[in-house]
>>> print(open('final04.tsv').read())   # TSV, N, CA and C atoms
chain	number	residue	atom	x	y	z
F	1	MET	N	-55.42	-13.61	-3.18
F	1	MET	CA	-54.21	-12.92	-3.58
F	1	MET	C	-53.03	-13.89	-3.53
F	2	LYS	N	-52.04	-13.57	-4.32
F	2	LYS	CA	-50.81	-14.36	-4.31
F	2	LYS	C	-49.83	-13.79	-3.30
F	3	CYS	N	-49.05	-14.66	-2.72
F	3	CYS	CA	-48.02	-14.26	-1.76
F	3	CYS	C	-46.95	-13.46	-2.51
F	4	SER	N	-46.54	-12.35	-1.93
F	4	SER	CA	-45.54	-11.52	-2.60
F	4	SER	C	-44.14	-12.13	-2.53
F	5	TYR	N	-43.97	-13.19	-1.76
F	5	TYR	CA	-42.67	-13.85	-1.67
F	5	TYR	C	-42.61	-15.12	-2.52
F	6	CYS	N	-43.54	-16.04	-2.32
F	6	CYS	CA	-43.45	-17.34	-3.01
F	6	CYS	C	-44.41	-17.46	-4.19
F	7	GLN	N	-45.29	-16.49	-4.38
F	7	GLN	CA	-46.26	-16.46	-5.47
F	7	GLN	C	-47.32	-17.55	-5.37
F	8	GLU	N	-47.45	-18.19	-4.21
F	8	GLU	CA	-48.53	-19.15	-4.00
F	8	GLU	C	-49.73	-18.43	-3.39
F	9	ARG	N	-50.83	-19.11	-3.27
F	9	ARG	CA	-52.05	-18.50	-2.74
F	9	ARG	C	-51.83	-18.09	-1.29
F	10	ALA	N	-52.13	-16.82	-0.98
F	10	ALA	CA	-51.93	-16.30	0.37
F	10	ALA	C	-53.24	-16.14	1.12
F	11	GLY	N	-54.31	-15.88	0.44
F	11	GLY	CA	-55.59	-15.65	1.08
F	11	GLY	C	-56.29	-14.47	0.44
F	12	TRP	N	-57.46	-14.16	0.95
F	12	TRP	CA	-58.27	-13.10	0.36
F	12	TRP	C	-57.70	-11.71	0.60
F	13	PHE	N	-57.29	-11.42	1.82
F	13	PHE	CA	-56.90	-10.05	2.17
F	13	PHE	C	-55.47	-9.93	2.64
F	14	THR	N	-54.65	-10.90	2.38
F	14	THR	CA	-53.26	-10.85	2.83
F	14	THR	C	-52.32	-11.01	1.65
F	15	ARG	N	-51.18	-10.37	1.75
F	15	ARG	CA	-50.20	-10.42	0.67
F	15	ARG	C	-49.07	-11.40	0.94
F	16	VAL	N	-49.04	-11.97	2.14
F	16	VAL	CA	-47.98	-12.90	2.51
F	16	VAL	C	-48.62	-14.15	3.10
F	17	CYS	N	-48.25	-15.31	2.59
F	17	CYS	CA	-48.82	-16.57	3.08
F	17	CYS	C	-48.27	-16.90	4.47
F	18	GLN	N	-48.89	-17.85	5.11
F	18	GLN	CA	-48.52	-18.24	6.48
F	18	GLN	C	-47.07	-18.73	6.55
F	19	ASP	N	-46.65	-19.54	5.58
F	19	ASP	CA	-45.28	-20.08	5.59
F	19	ASP	C	-44.24	-18.96	5.46
F	20	CYS	N	-44.48	-18.05	4.53
F	20	CYS	CA	-43.53	-16.95	4.33
F	20	CYS	C	-43.54	-15.99	5.51
F	21	ARG	N	-44.69	-15.87	6.19
F	21	ARG	CA	-44.73	-15.06	7.41
F	21	ARG	C	-43.83	-15.65	8.48
F	22	ARG	N	-43.81	-16.98	8.57
F	22	ARG	CA	-42.91	-17.65	9.54
F	22	ARG	C	-41.46	-17.36	9.20
F	23	LEU	N	-41.12	-17.51	7.91
F	23	LEU	CA	-39.74	-17.25	7.48
F	23	LEU	C	-39.37	-15.79	7.68
F	24	LEU	N	-40.28	-14.89	7.39
F	24	LEU	CA	-40.03	-13.46	7.55
F	24	LEU	C	-39.84	-13.11	9.03
F	25	ALA	N	-40.60	-13.74	9.91
F	25	ALA	CA	-40.44	-13.50	11.35
F	25	ALA	C	-39.06	-13.95	11.82
F	26	ILE	N	-38.58	-15.08	11.32
F	26	ILE	CA	-37.24	-15.55	11.66
F	26	ILE	C	-36.20	-14.57	11.15
F	27	TYR	N	-36.36	-14.13	9.90
F	27	TYR	CA	-35.41	-13.18	9.33
F	27	TYR	C	-35.37	-11.88	10.14
F	28	GLU	N	-36.52	-11.34	10.46
F	28	GLU	CA	-36.56	-10.07	11.20
F	28	GLU	C	-36.04	-10.21	12.62
F	29	ALA	N	-36.25	-11.37	13.25
F	29	ALA	CA	-35.77	-11.57	14.61
F	29	ALA	C	-34.24	-11.66	14.68
F	30	HIS	N	-33.61	-12.15	13.62
F	30	HIS	CA	-32.16	-12.36	13.63
F	30	HIS	C	-31.41	-11.47	12.64
F	31	GLN	N	-32.09	-10.51	12.06
F	31	GLN	CA	-31.48	-9.66	11.03
F	31	GLN	C	-30.24	-8.94	11.58
F	32	GLY	N	-29.14	-9.06	10.84
F	32	GLY	CA	-27.90	-8.40	11.21
F	32	GLY	C	-27.12	-9.10	12.31
F	33	GLN	N	-27.61	-10.22	12.81
F	33	GLN	CA	-26.95	-10.93	13.90
F	33	GLN	C	-26.27	-12.21	13.48
F	34	ILE	N	-26.81	-12.85	12.44
F	34	ILE	CA	-26.26	-14.13	11.99
F	34	ILE	C	-26.05	-14.10	10.48
F	35	GLY	N	-25.30	-15.08	9.98
F	35	GLY	CA	-24.99	-15.16	8.56
F	35	GLY	C	-25.96	-16.01	7.78
F	36	LEU	N	-25.69	-16.13	6.50
F	36	LEU	CA	-26.58	-16.84	5.58
F	36	LEU	C	-26.75	-18.31	5.95
F	37	LEU	N	-25.67	-18.98	6.31
F	37	LEU	CA	-25.78	-20.40	6.65
F	37	LEU	C	-26.61	-20.62	7.90
F	38	GLN	N	-26.46	-19.73	8.87
F	38	GLN	CA	-27.27	-19.86	10.08
F	38	GLN	C	-28.75	-19.60	9.77
F	39	PHE	N	-29.02	-18.64	8.87
F	39	PHE	CA	-30.40	-18.42	8.44
F	39	PHE	C	-30.95	-19.66	7.75
F	40	LEU	N	-30.15	-20.26	6.89
F	40	LEU	CA	-30.62	-21.47	6.20
F	40	LEU	C	-30.94	-22.57	7.20
F	41	ASP	N	-30.10	-22.74	8.22
F	41	ASP	CA	-30.37	-23.75	9.24
F	41	ASP	C	-31.69	-23.47	9.96
F	42	LEU	N	-31.93	-22.21	10.31
F	42	LEU	CA	-33.18	-21.85	10.98
F	42	LEU	C	-34.38	-22.05	10.06
F	43	PHE	N	-34.22	-21.72	8.78
F	43	PHE	CA	-35.32	-21.91	7.83
F	43	PHE	C	-35.62	-23.39	7.63
F	44	ILE	N	-34.59	-24.21	7.57
F	44	ILE	CA	-34.79	-25.65	7.38
F	44	ILE	C	-35.47	-26.26	8.61
F	45	GLU	N	-35.15	-25.75	9.79
F	45	GLU	CA	-35.76	-26.25	11.03
F	45	GLU	C	-37.28	-26.04	11.05
F	46	THR	N	-37.80	-25.13	10.25
F	46	THR	CA	-39.25	-24.91	10.20
F	46	THR	C	-39.97	-26.09	9.57
F	47	GLY	N	-39.24	-26.91	8.81
F	47	GLY	CA	-39.85	-28.05	8.15
F	47	GLY	C	-40.50	-27.72	6.82
F	48	LEU	N	-40.33	-26.49	6.35
F	48	LEU	CA	-40.90	-26.11	5.05
F	48	LEU	C	-40.09	-26.72	3.92
F	49	PRO	N	-40.71	-26.96	2.78
F	49	PRO	CA	-39.98	-27.53	1.64
F	49	PRO	C	-38.89	-26.60	1.13
F	50	ARG	N	-37.87	-27.20	0.57
F	50	ARG	CA	-36.72	-26.46	0.05
F	50	ARG	C	-37.13	-25.41	-0.98
F	51	GLU	N	-38.08	-25.77	-1.85
F	51	GLU	CA	-38.53	-24.86	-2.89
F	51	GLU	C	-39.14	-23.60	-2.30
F	52	LYS	N	-39.88	-23.76	-1.21
F	52	LYS	CA	-40.52	-22.62	-0.55
F	52	LYS	C	-39.45	-21.69	0.04
F	53	ILE	N	-38.43	-22.27	0.66
F	53	ILE	CA	-37.33	-21.48	1.25
F	53	ILE	C	-36.56	-20.76	0.16
F	54	GLU	N	-36.27	-21.46	-0.94
F	54	GLU	CA	-35.54	-20.83	-2.05
F	54	GLU	C	-36.35	-19.69	-2.67
F	55	ALA	N	-37.67	-19.89	-2.81
F	55	ALA	CA	-38.52	-18.84	-3.36
F	55	ALA	C	-38.54	-17.63	-2.43
F	56	PHE	N	-38.57	-17.87	-1.12
F	56	PHE	CA	-38.55	-16.78	-0.15
F	56	PHE	C	-37.24	-16.01	-0.23
F	57	LEU	N	-36.12	-16.71	-0.31
F	57	LEU	CA	-34.82	-16.04	-0.37
F	57	LEU	C	-34.64	-15.25	-1.65
F	58	ALA	N	-35.22	-15.71	-2.74
F	58	ALA	CA	-35.07	-15.04	-4.03
F	58	ALA	C	-36.09	-13.93	-4.24
F	59	ALA	N	-37.09	-13.84	-3.37
F	59	ALA	CA	-38.15	-12.86	-3.55
F	59	ALA	C	-37.66	-11.43	-3.35
F	60	ASP	N	-38.20	-10.55	-4.16
F	60	ASP	CA	-37.88	-9.12	-4.09
F	60	ASP	C	-39.19	-8.33	-4.14
F	61	PRO	N	-40.02	-8.42	-3.08
F	61	PRO	CA	-41.35	-7.81	-3.15
F	61	PRO	C	-41.35	-6.29	-3.22
F	62	ARG	N	-40.31	-5.63	-2.73
F	62	ARG	CA	-40.28	-4.17	-2.73
F	62	ARG	C	-39.31	-3.59	-3.76
F	63	SER	N	-38.76	-4.44	-4.60
F	63	SER	CA	-37.77	-4.04	-5.63
F	63	SER	C	-36.56	-3.33	-5.03
F	64	GLU	N	-36.17	-3.75	-3.84
F	64	GLU	CA	-35.00	-3.19	-3.16
F	64	GLU	C	-33.88	-4.20	-3.06
F	65	GLY	N	-34.10	-5.38	-3.55
F	65	GLY	CA	-33.15	-6.47	-3.41
F	65	GLY	C	-33.84	-7.63	-2.72
F	66	SER	N	-33.44	-8.82	-3.07
F	66	SER	CA	-34.08	-10.01	-2.50
F	66	SER	C	-33.73	-10.16	-1.02
F	67	VAL	N	-34.39	-11.08	-0.37
F	67	VAL	CA	-34.11	-11.36	1.03
F	67	VAL	C	-32.66	-11.81	1.17
F	68	LYS	N	-32.21	-12.62	0.24
F	68	LYS	CA	-30.81	-13.06	0.25
F	68	LYS	C	-29.87	-11.88	0.09
F	69	ASP	N	-30.20	-10.92	-0.78
F	69	ASP	CA	-29.39	-9.72	-0.95
F	69	ASP	C	-29.33	-8.92	0.36
F	70	ARG	N	-30.46	-8.85	1.08
F	70	ARG	CA	-30.48	-8.12	2.35
F	70	ARG	C	-29.58	-8.79	3.38
F	71	ILE	N	-29.61	-10.12	3.42
F	71	ILE	CA	-28.75	-10.86	4.36
F	71	ILE	C	-27.29	-10.61	4.02
F	72	LEU	N	-26.94	-10.72	2.74
F	72	LEU	CA	-25.56	-10.50	2.32
F	72	LEU	C	-25.10	-9.07	2.54
F	73	ALA	N	-26.01	-8.11	2.41
F	73	ALA	CA	-25.67	-6.71	2.68
F	73	ALA	C	-25.34	-6.51	4.15
F	74	ASP	N	-26.12	-7.14	5.02
F	74	ASP	CA	-25.84	-7.05	6.46
F	74	ASP	C	-24.48	-7.66	6.80
F	75	ILE	N	-24.18	-8.80	6.19
F	75	ILE	CA	-22.91	-9.48	6.44
F	75	ILE	C	-21.75	-8.62	5.95
F	76	SER	N	-21.86	-8.07	4.75
F	76	SER	CA	-20.75	-7.28	4.21
F	76	SER	C	-20.57	-5.97	4.98
F	77	THR	N	-21.64	-5.36	5.46
F	77	THR	CA	-21.53	-4.16	6.27
F	77	THR	C	-20.79	-4.47	7.57
F	78	GLU	N	-21.14	-5.59	8.19
F	78	GLU	CA	-20.47	-6.00	9.43
F	78	GLU	C	-19.00	-6.30	9.18
F	79	LEU	N	-18.69	-6.96	8.08
F	79	LEU	CA	-17.31	-7.27	7.74
F	79	LEU	C	-16.50	-6.01	7.49
F	80	LEU	N	-17.05	-5.08	6.73
F	80	LEU	CA	-16.37	-3.81	6.47
F	80	LEU	C	-16.14	-3.04	7.78
F	81	GLY	N	-17.12	-3.06	8.67
F	81	GLY	CA	-16.98	-2.40	9.95
F	81	GLY	C	-15.87	-3.02	10.79
F	82	ALA	N	-15.74	-4.34	10.73
F	82	ALA	CA	-14.69	-5.03	11.48
F	82	ALA	C	-13.31	-4.70	10.93
F	83	MET	N	-13.24	-4.36	9.64
F	83	MET	CA	-11.96	-4.00	9.03
F	83	MET	C	-11.66	-2.51	9.19
F	84	GLY	N	-12.56	-1.77	9.83
F	84	GLY	CA	-12.34	-0.36	10.07
F	84	GLY	C	-12.83	0.55	8.97
F	85	VAL	N	-13.56	0.01	8.02
F	85	VAL	CA	-14.11	0.81	6.92
F	85	VAL	C	-15.52	1.22	7.31
F	86	ASN	N	-15.78	2.51	7.31
F	86	ASN	CA	-17.10	3.01	7.66
F	86	ASN	C	-17.96	3.09	6.40
F	87	ALA	N	-18.52	1.97	6.01
F	87	ALA	CA	-19.34	1.90	4.79
F	87	ALA	C	-20.60	1.11	5.09
F	88	GLN	N	-21.67	1.49	4.46
F	88	GLN	CA	-22.95	0.82	4.64
F	88	GLN	C	-23.36	0.19	3.32
F	89	GLN	N	-23.44	-1.13	3.27
F	89	GLN	CA	-23.91	-1.83	2.08
F	89	GLN	C	-25.42	-1.98	2.16
F	90	SER	N	-26.08	-1.77	1.05
F	90	SER	CA	-27.53	-1.96	1.01
F	90	SER	C	-27.85	-3.17	0.14
F	91	ALA	N	-29.07	-3.64	0.25
F	91	ALA	CA	-29.51	-4.76	-0.58
F	91	ALA	C	-29.47	-4.39	-2.05
F	92	GLN	N	-29.71	-3.12	-2.37
F	92	GLN	CA	-29.64	-2.68	-3.77
F	92	GLN	C	-28.21	-2.75	-4.29
F	93	ASP	N	-27.21	-2.45	-3.44
F	93	ASP	CA	-25.81	-2.58	-3.85
F	93	ASP	C	-25.47	-4.02	-4.18
F	94	VAL	N	-25.91	-4.93	-3.33
F	94	VAL	CA	-25.65	-6.36	-3.56
F	94	VAL	C	-26.37	-6.82	-4.82
F	95	LYS	N	-27.60	-6.35	-5.01
F	95	LYS	CA	-28.37	-6.72	-6.21
F	95	LYS	C	-27.66	-6.24	-7.48
F	96	ARG	N	-27.16	-5.01	-7.43
F	96	ARG	CA	-26.45	-4.45	-8.58
F	96	ARG	C	-25.20	-5.27	-8.91
F	97	LEU	N	-24.43	-5.63	-7.89
F	97	LEU	CA	-23.23	-6.45	-8.12
F	97	LEU	C	-23.59	-7.82	-8.68
F	98	ARG	N	-24.65	-8.42	-8.13
F	98	ARG	CA	-25.08	-9.73	-8.61
F	98	ARG	C	-25.53	-9.67	-10.05
F	99	GLN	N	-26.23	-8.62	-10.43
F	99	GLN	CA	-26.73	-8.49	-11.80
F	99	GLN	C	-25.61	-8.21	-12.79
F	100	LYS	N	-24.58	-7.50	-12.35
F	100	LYS	CA	-23.44	-7.24	-13.23
F	100	LYS	C	-22.67	-8.50	-13.52
F	101	GLY	N	-22.69	-9.43	-12.58
F	101	GLY	CA	-21.96	-10.67	-12.76
F	101	GLY	C	-20.48	-10.54	-12.52
F	102	THR	N	-20.04	-9.49	-11.83
F	102	THR	CA	-18.61	-9.29	-11.60
F	102	THR	C	-18.00	-10.37	-10.74
F	103	TRP	N	-18.79	-11.02	-9.93
F	103	TRP	CA	-18.26	-12.07	-9.06
F	103	TRP	C	-17.85	-13.30	-9.84
F	104	GLN	N	-18.34	-13.48	-11.06
F	104	GLN	CA	-18.06	-14.67	-11.84
F	104	GLN	C	-16.62	-14.71	-12.32
F	105	GLY	N	-15.98	-13.58	-12.53
F	105	GLY	CA	-14.64	-13.56	-13.09
F	105	GLY	C	-13.54	-13.41	-12.06
F	106	LEU	N	-13.82	-13.66	-10.80
F	106	LEU	CA	-12.81	-13.44	-9.78
F	106	LEU	C	-11.61	-14.39	-9.92
F	107	GLY	N	-11.82	-15.59	-10.36
F	107	GLY	CA	-10.73	-16.54	-10.47
F	107	GLY	C	-10.07	-16.57	-11.84
F	108	GLU	N	-10.44	-15.67	-12.71
F	108	GLU	CA	-9.93	-15.68	-14.08
F	108	GLU	C	-8.98	-14.50	-14.31
F	109	ARG	N	-8.12	-14.68	-15.29
F	109	ARG	CA	-7.21	-13.61	-15.67
F	109	ARG	C	-7.96	-12.51	-16.43
F	110	PRO	N	-7.73	-11.25	-16.12
F	110	PRO	CA	-8.45	-10.18	-16.81
F	110	PRO	C	-8.13	-10.15	-18.30
F	111	LYS	N	-9.12	-9.76	-19.10
F	111	LYS	CA	-8.90	-9.63	-20.54
F	111	LYS	C	-8.17	-8.34	-20.82
F	112	GLU	N	-7.24	-8.41	-21.78
F	112	GLU	CA	-6.44	-7.23	-22.09
F	112	GLU	C	-6.95	-6.49	-23.29
>>> encode(input="final04.tsv", output="structure tokens")
Amino acid sequence: MKCSYCQERAGWFTRVCQDCRRLLAIYEAHQGQIGLLQFLDLFIETGLPREKIEAFLAADPRSEGSVKDRILADISTELLGAMGVNAQQSAQDVKRLRQKGTWQGLGERPKE
């Protein structure tokens, strides 16, 4: 079977390869506690190739948003909470914003 994260060979009866299992364990251990850069540092410390880490972050095995979207959703929920806004961001919300491309025009003048 292919790994549901990196699409490389995972084994006969498993859906996640050994490398992605390591990355997933790191993500689950620190979920909601640290930001994207700290996750990247921890992922790089594993010694895995950059391509494998990028594939893991971009993977969306459950169609709920990629791992990167989940990390960003946790960060934005924490930020909104610190500002006193009681809102919960989900990975699907982040995925929807990313797909719309609204972030690309932040520095530009709106079209009239």
>>> residues_near_point(input="final04.tsv", point="(-20.5, -13.1, 6.8)", cutoff="10 Å", atoms="only C-alpha atoms", output="PyMOL selection string")
chain F and resi 32-37+71-79
>>> closest_atom_pairs(input="final04.tsv", of="segment 14-43 of chain F", to="segment 48-53 of chain F", cutoff="8 Å", atoms="only N, CA and C atoms", output="JSON lines")
{"residue": "F:Asp19", "atom": "CA", "partner": "F:Leu48", "partner_atom": "CA", "distance": 7.5}
{"residue": "F:Cys20", "atom": "CA", "partner": "F:Lys52", "partner_atom": "C", "distance": 7.6}
{"residue": "F:Leu23", "atom": "CA", "partner": "F:Ile53", "partner_atom": "CA", "distance": 7.9}
{"residue": "F:Phe43", "atom": "C", "partner": "F:Leu48", "partner_atom": "N", "distance": 5.8}
>>> closest_residue(input="final04.tsv", among="F:Ala10, F:Cys17, F:Val94, F:Met1", to="Ser66 of chain F", atoms="only N, CA and C atoms")
F:Val94
>>> select_by_dssp(input="final04.tsv", residues="chain F", states="helix (DSSP H, G or I)", output="PyMOL selection string")
chain F and resi 18-30+36-45+50-58+67-82+91-100+102-105
>>> residues_around(input="final04.tsv", residues="Glu54 of chain F", least_positions_apart="5", cutoff="8 Å", atoms="all atoms listed in the file", output="PyMOL selection string")
chain F and resi 5-6+49+59
>>> atom_distance(input="final04.tsv", atom1="atom N of Glu8 of chain F", atom2="atom C of Leu24 of chain F")
16.1 Å
>>> atom_distance(input="final04.tsv", atom1="atom N of Arg62 of chain F", atom2="atom CA of Val85 of chain F")
28.7 Å
>>> decode(input="final04.tsv", residues="chain F", atoms="C-alpha atoms", output="mmCIF file, in the first residue's frame")
data_model
loop_
_atom_site.group_PDB
_atom_site.id
_atom_site.type_symbol
_atom_site.label_atom_id
_atom_site.label_comp_id
_atom_site.auth_asym_id
_atom_site.auth_seq_id
_atom_site.Cartn_x
_atom_site.Cartn_y
_atom_site.Cartn_z
ATOM 1 C CA MET F 1 0.000 0.000 0.000
ATOM 2 C CA LYS F 2 0.989 3.598 -0.480
ATOM 3 C CA CYS F 3 1.415 5.952 2.442
ATOM 4 C CA SER F 4 -1.584 8.248 2.765
ATOM 5 C CA TYR F 5 0.742 11.166 3.546
ATOM 6 C CA CYS F 6 3.785 10.940 1.251
ATOM 7 C CA GLN F 7 2.438 8.457 -1.345
ATOM 8 C CA GLU F 8 5.552 6.277 -1.013
ATOM 9 C CA ARG F 9 5.460 2.559 -0.254
ATOM 10 C CA ALA F 10 4.171 1.995 3.288
ATOM 11 C CA GLY F 11 3.944 -1.782 3.510
ATOM 12 C CA TRP F 12 1.448 -4.557 3.009
ATOM 13 C CA PHE F 13 -1.072 -3.792 5.747
ATOM 14 C CA THR F 14 -0.342 -0.228 6.795
ATOM 15 C CA ARG F 15 -1.507 3.061 5.362
ATOM 16 C CA VAL F 16 1.249 5.222 6.867
ATOM 17 C CA CYS F 17 4.973 4.672 6.332
ATOM 18 C CA GLN F 18 7.471 4.625 9.196
ATOM 19 C CA ASP F 19 8.817 8.130 8.437
ATOM 20 C CA CYS F 20 5.372 9.724 8.324
ATOM 21 C CA ARG F 21 4.445 7.896 11.530
ATOM 22 C CA ARG F 22 7.400 9.625 13.215
ATOM 23 C CA LEU F 23 6.290 13.011 11.899
ATOM 24 C CA LEU F 24 2.679 12.338 12.878
ATOM 25 C CA ALA F 25 3.755 11.374 16.409
ATOM 26 C CA ILE F 26 5.629 14.682 16.738
ATOM 27 C CA TYR F 27 2.616 16.590 15.431
ATOM 28 C CA GLU F 28 0.193 14.867 17.799
ATOM 29 C CA ALA F 29 2.504 15.289 20.806
ATOM 30 C CA HIS F 30 2.793 19.062 20.281
ATOM 31 C CA GLN F 31 -0.542 19.854 18.617
ATOM 32 C CA GLY F 32 -1.907 23.219 19.718
ATOM 33 C CA GLN F 33 1.189 24.000 21.799
ATOM 34 C CA ILE F 34 3.718 25.292 19.281
ATOM 35 C CA GLY F 35 3.719 27.157 15.977
ATOM 36 C CA LEU F 36 4.630 26.205 12.434
ATOM 37 C CA LEU F 37 8.294 27.191 12.684
ATOM 38 C CA GLN F 38 8.780 25.152 15.830
ATOM 39 C CA PHE F 39 7.131 22.175 14.111
ATOM 40 C CA LEU F 40 9.480 22.603 11.165
ATOM 41 C CA ASP F 41 12.472 22.619 13.516
ATOM 42 C CA LEU F 42 11.276 19.405 15.179
ATOM 43 C CA PHE F 43 10.609 17.780 11.802
ATOM 44 C CA ILE F 44 14.062 18.743 10.513
ATOM 45 C CA GLU F 45 15.667 17.296 13.661
ATOM 46 C CA THR F 46 14.349 13.857 12.623
ATOM 47 C CA GLY F 47 16.862 13.882 9.769
ATOM 48 C CA LEU F 48 14.227 13.124 7.138
ATOM 49 C CA PRO F 49 14.634 14.677 3.682
ATOM 50 C CA ARG F 50 12.987 18.012 3.000
ATOM 51 C CA GLU F 51 10.773 16.520 0.291
ATOM 52 C CA LYS F 52 9.349 13.987 2.759
ATOM 53 C CA ILE F 53 8.558 16.739 5.302
ATOM 54 C CA GLU F 54 6.941 18.926 2.628
ATOM 55 C CA ALA F 55 4.851 15.994 1.383
ATOM 56 C CA PHE F 56 3.734 15.275 4.956
ATOM 57 C CA LEU F 57 2.748 18.909 5.571
ATOM 58 C CA ALA F 58 0.823 19.111 2.297
ATOM 59 C CA ALA F 59 -0.975 15.786 2.781
ATOM 60 C CA ASP F 60 -4.726 15.767 3.266
ATOM 61 C CA PRO F 61 -5.539 12.081 3.905
ATOM 62 C CA ARG F 62 -8.993 12.705 5.410
ATOM 63 C CA SER F 63 -10.035 15.590 3.112
ATOM 64 C CA GLU F 64 -10.349 17.862 6.147
ATOM 65 C CA GLY F 65 -7.371 20.053 5.389
ATOM 66 C CA SER F 66 -3.669 19.355 5.196
ATOM 67 C CA VAL F 67 -1.422 18.931 8.216
ATOM 68 C CA LYS F 68 -0.181 22.462 7.596
ATOM 69 C CA ASP F 69 -3.802 23.702 7.554
ATOM 70 C CA ARG F 70 -4.393 21.982 10.913
ATOM 71 C CA ILE F 71 -1.326 23.650 12.423
ATOM 72 C CA LEU F 72 -2.391 27.061 11.113
ATOM 73 C CA ALA F 73 -5.942 26.524 12.402
ATOM 74 C CA ASP F 74 -4.593 25.827 15.887
ATOM 75 C CA ILE F 75 -2.427 28.948 15.745
ATOM 76 C CA SER F 76 -5.267 31.188 14.557
ATOM 77 C CA THR F 77 -7.669 29.805 17.181
ATOM 78 C CA GLU F 78 -5.118 30.555 19.898
ATOM 79 C CA LEU F 79 -4.524 34.047 18.502
ATOM 80 C CA LEU F 80 -8.245 34.814 18.339
ATOM 81 C CA GLY F 81 -8.638 33.555 21.906
ATOM 82 C CA ALA F 82 -5.830 35.837 23.084
ATOM 83 C CA MET F 83 -7.637 38.787 21.474
ATOM 84 C CA GLY F 84 -10.838 37.897 23.324
ATOM 85 C CA VAL F 85 -12.702 36.509 20.327
ATOM 86 C CA ASN F 86 -14.445 33.234 21.081
ATOM 87 C CA ALA F 87 -14.017 31.571 17.681
ATOM 88 C CA GLN F 88 -12.811 28.155 16.649
ATOM 89 C CA GLN F 89 -10.890 27.856 13.374
ATOM 90 C CA SER F 90 -10.849 24.463 11.699
ATOM 91 C CA ALA F 91 -8.465 23.038 9.140
ATOM 92 C CA GLN F 92 -11.313 23.177 6.616
ATOM 93 C CA ASP F 93 -11.651 26.946 7.215
ATOM 94 C CA VAL F 94 -7.945 27.433 6.556
ATOM 95 C CA LYS F 95 -8.149 25.192 3.478
ATOM 96 C CA ARG F 96 -11.078 27.210 2.125
ATOM 97 C CA LEU F 97 -9.206 30.509 2.607
ATOM 98 C CA ARG F 98 -6.079 29.094 0.992
ATOM 99 C CA GLN F 99 -8.030 27.821 -2.014
ATOM 100 C CA LYS F 100 -9.808 31.142 -2.500
ATOM 101 C CA GLY F 101 -6.462 32.874 -2.674
ATOM 102 C CA THR F 102 -7.671 35.863 -0.644
ATOM 103 C CA TRP F 103 -4.334 36.096 1.130
ATOM 104 C CA GLN F 104 -2.593 36.971 -2.144
ATOM 105 C CA GLY F 105 -4.193 40.409 -2.465
ATOM 106 C CA LEU F 106 -3.523 41.707 1.028
ATOM 107 C CA GLY F 107 -0.842 44.167 -0.062
ATOM 108 C CA GLU F 108 -2.684 45.410 -3.148
ATOM 109 C CA ARG F 109 -5.250 48.110 -3.672
ATOM 110 C CA PRO F 110 -8.790 46.722 -4.099
ATOM 111 C CA LYS F 111 -10.288 46.781 -7.588
ATOM 112 C CA GLU F 112 -13.152 49.198 -8.026
#
